[in-house]
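Enquirer: Okay, here's the structure, questions in a sec.
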Amino acid sequence: MINRKSREEIKLMRHAGGVVALVHQAMKKAVVPGISTLELDEIAAKVIKENKCTPTFLGYNGFPGCICTSINDEVVHGIPSKDRILKEGDIISIDAGATYRGLVGDSAWTYAVGSISKECEDLLKITELALFNGIAQMKPGNVLDDISGAVEDTALGIASNIPDELKGKKYGIVRQYGGHGVGRNMHEDPFLFNYRVKNNTKIKPGYVIAIEPMINLGVDDVVVSNADNWCVSTVDNKPSAHFEHTVTATDDGPLILTALE
Ligand code: MG
Ligand code: MG
């Protein structure tokens with residue numbers, strides 16, 4: 001069942017989401033060659049706690065970090081570590097969640113570490129565009145497949161607003177993970193695929209969904225690490241990007257809750 005959030009709940013989620021946006025503001029500055037992913041986690045934890053929130057991810061199904069830090073071919077759920085040091089040319093996907101008075105904001109962004117290859121730059125550009133094309137569909141009267149389809153069309157190079165030089169370029173779409181309802185729990189109904197699945201569930205005002213395309217430079221397939229049972233990587237070891245916002249549908253259209261207030 002999909003919960004519609006009350007005005008009061010949306011207000012609290014906007015606060016939680018605003019704090020997640022502050023975390024990303026801090027991450028954008030902190031992501032430089034030489035920093036460890038554990039140091040990034042500590043910076044994120046500080047921002048979350050200073051703003052009267054709790055880190056949603058810490059302890060979630062036993063996850064040991066406040067953020068997920070996934071480098072290059074890692075897609076999601078990378079565990080912060082003092083031994084993972086960023087280097088020039090890497091890309092890092094940072095996923096962060098904050099809970100404020102029981103309500104959750106969830107947002108991810110992929111950052112360039114110094115200067116990166118043209119193909120990684122394009123991957124980030126397309127994945128961010130996929131997110132915003134998906135968000136644009138998050139409005140009452142549309143169906144969930146409209147969001148999924150907008151993400152899919154962007155990844156497959158056929159969305160109308162793709163830059164000319166990337167038109168027709170196909171990227172891999174992660175199939176095993178996707179977006180989700182969010183509110184009093186980080187993961188609520190519905191699950192949102194990043195490709196069409198003929199889901200004709202109508203979007204209603206007060207629905208809140210974390211829209212989160214995960215797009216690969218190579219093939220679709222990903223695998224969970226045997227070493228820690230968390231980190232998800234591409235099977236062909238090609239880079240992956242992940243952009244996510246928590247978004248509500250209003251009568252006036254989509255409203256991003258994980259933007260700066
Ligand atoms: Mg997330
Ligand atoms: Mg999420």
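Simple scheme: letters A, B, ... for chains in structure tokens order, numbers from 1 for residues in each chain, numbers from 1 for ligands in the order shown.
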Write out as a list in words each polymer residue (protein, DNA or RNA) that has an atom no more than 7 Å from ligand 2, with only C-alpha atoms and all ligand atoms counted.
Expert: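 With only C-alpha atoms and all ligand atoms and a cut-off of 7 Å, ligand 2 is contacted by Asp106, Ser107, Gly179, His180, Ala210, Glu212 and Glu244 of chain A.
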Enquirer: Please find the residues contacting ligand 1 at a distance of at most 12 Å between atoms, with only C-alpha atoms and all ligand atoms counted, and report them as a ChimeraX atom specification.
Expert: /A:17,20,24,55-57,66-70,75-78,93-98,104-110,177-182,186-187,209-214,242-246,258
Enquirer: What are the nearest atom pairs, with distances in Å to one decimal, for all residues of stretch 31-89 of chain A that come at most 10 Å from stretch 12-16 of chain A, using only C-alpha atoms, set out by chain and rising residue number as CSV?
Expert:
```
residue,atom,partner,partner_atom,distance
A:Ile48,CA,A:Ala16,CA,9.0
A:Asn51,CA,A:Ala16,CA,8.9
A:Lys52,CA,A:Ala16,CA,9.2
A:Cys53,CA,A:Ala16,CA,7.0
A:Thr54,CA,A:Ala16,CA,9.2
```
Enquirer: Got time to write the residues from that selection, N, CA and C atoms, as a short mmCIF file (atom, residue, chain, number, x, y, z; two decimals), in the first residue's frame?
Expert:
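Everything below was put into again26.cif:
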```
data_model
loop_
_atom_site.label_atom_id
_atom_site.label_comp_id
_atom_site.auth_asym_id
_atom_site.auth_seq_id
_atom_site.Cartn_x
_atom_site.Cartn_y
_atom_site.Cartn_z
N ILE A 48 24.89 15.74 9.88
CA ILE A 48 23.59 15.17 10.22
C ILE A 48 23.25 15.43 11.70
N ASN A 51 22.54 19.02 12.88
CA ASN A 51 21.24 19.53 12.44
C ASN A 51 20.08 18.71 13.01
N LYS A 52 20.34 18.12 14.19
CA LYS A 52 19.27 17.45 14.96
C LYS A 52 18.62 16.29 14.23
N CYS A 53 19.37 15.67 13.35
CA CYS A 53 18.87 14.47 12.68
C CYS A 53 19.71 13.27 13.11
N THR A 54 19.21 12.09 12.77
CA THR A 54 20.03 10.89 12.95
C THR A 54 20.35 10.30 11.58
#
```
Enquirer: I want to know what sits within 10 Å of A:Val143, based on only C-alpha atoms, with residues of the same chain fewer than 5 positions away left out; could you give that as a list of chain:residue names?
Expert: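 Listed by chain and then number, they are A:Gln137, A:Met138, A:Ser148, A:Lys198, A:Asn199, A:Asn200, A:Thr201, A:Lys202, A:Ile203, A:Lys204.
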Enquirer: Residues of stretch 22-250 of chain A classed as helix (DSSP H, G or I) by DSSP on the backbone are to be reported as a PyMOL selection string.
Expert: chain A and resi 22-30+37-50+60-62+118-135+144-155+164-166
Enquirer: Write out, as a Markdown table, each residue of stretch 80-172 of chain A that has an atom at most 9 Å from stretch 222-240 of chain A, together with the closest pair of atoms and their distance in Å to one decimal, counting only C-alpha atoms, rows going by chain and rising number.
Expert:
```
| residue | atom | partner | partner_atom | distance |
| --- | --- | --- | --- | --- |
| A:Ile91 | CA | A:Pro239 | CA | 7.9 |
| A:Ser93 | CA | A:Ser240 | CA | 8.4 |
| A:Thr110 | CA | A:Ser240 | CA | 8.9 |
| A:Cys120 | CA | A:Pro239 | CA | 7.3 |
| A:Leu123 | CA | A:Ser240 | CA | 7.7 |
| A:Leu124 | CA | A:Ser240 | CA | 8.6 |
| A:Gly172 | CA | A:Ser240 | CA | 8.8 |
```
Enquirer: Identify all residues of stretch 153-196 of chain A in strand (DSSP E or B) (DSSP on the backbone) and supply them as a list in words.
Expert: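 Taking stretch 153-196 of chain A and keeping strand (DSSP E or B) gives Gly172, Ile173, Gly179, His180, Gly181, Glu188, Asp189, Pro190, Phe191 and Leu192 of chain A.
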Enquirer: Near A:Ile43, counting only C-alpha atoms, which residues have an atom at most 12 Å away, once you skip same-chain residues fewer than 5 positions from it, shown as a ChimeraX atom specification?
Expert: /A:22-31,35-38,48-50,55,65-67,80,96
Enquirer: Which residue is closest to A:Gly102? Choose from A:Pro64, A:Gly183, A:Gly18, A:Gly206 and count only C-alpha atoms.
Expert: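 That would be A:Gly183, the residue with the smallest distance to A:Gly102.
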Enquirer: Calculate how many Å separate atom CA of A:Asn142 from atom CA of A:Lys11, rounding to one decimal.
Expert: 23.5 Å
Enquirer: Might you pull out every residue within 10 Å of A:Glu88, with only C-alpha atoms counted and same-chain residues fewer than 2 positions away left off, and present them as a PDB file with C-alpha atoms, in the first residue's frame?
Expert:
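After the write, part_5.pdb holds the following:
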```pdb
ATOM      1  CA  VAL A  32      39.378  15.425  -3.360  1.00  0.00           C
ATOM      2  CA  PRO A  33      42.242  13.064  -4.162  1.00  0.00           C
ATOM      3  CA  GLY A  34      43.744  11.697  -0.938  1.00  0.00           C
ATOM      4  CA  LEU A  86      40.159   8.568  -3.442  1.00  0.00           C
ATOM      5  CA  ASP A  90      37.885   8.310  -9.738  1.00  0.00           C
ATOM      6  CA  ILE A  91      34.161   8.815  -9.526  1.00  0.00           C
ATOM      7  CA  ALA A 112      34.194  13.490  -9.906  1.00  0.00           C
ATOM      8  CA  VAL A 113      37.500  13.217  -8.039  1.00  0.00           C
ATOM      9  CA  GLY A 114      39.643  15.842  -9.721  1.00  0.00           C
ATOM     10  CA  SER A 115      39.468  15.577 -13.493  1.00  0.00           C
ATOM     11  CA  ILE A 116      37.858  12.459 -14.941  1.00  0.00           C
TER      12      ILE A 116
END
```
Enquirer: For a test of reading the model, state the distance in Å between atom CA of A:Glu188 and atom CA of A:Ser81, rounded to one decimal.
Expert: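 Atom-to-atom, atom CA of A:Glu188 and atom CA of A:Ser81 are spaced 28.7 Å apart.
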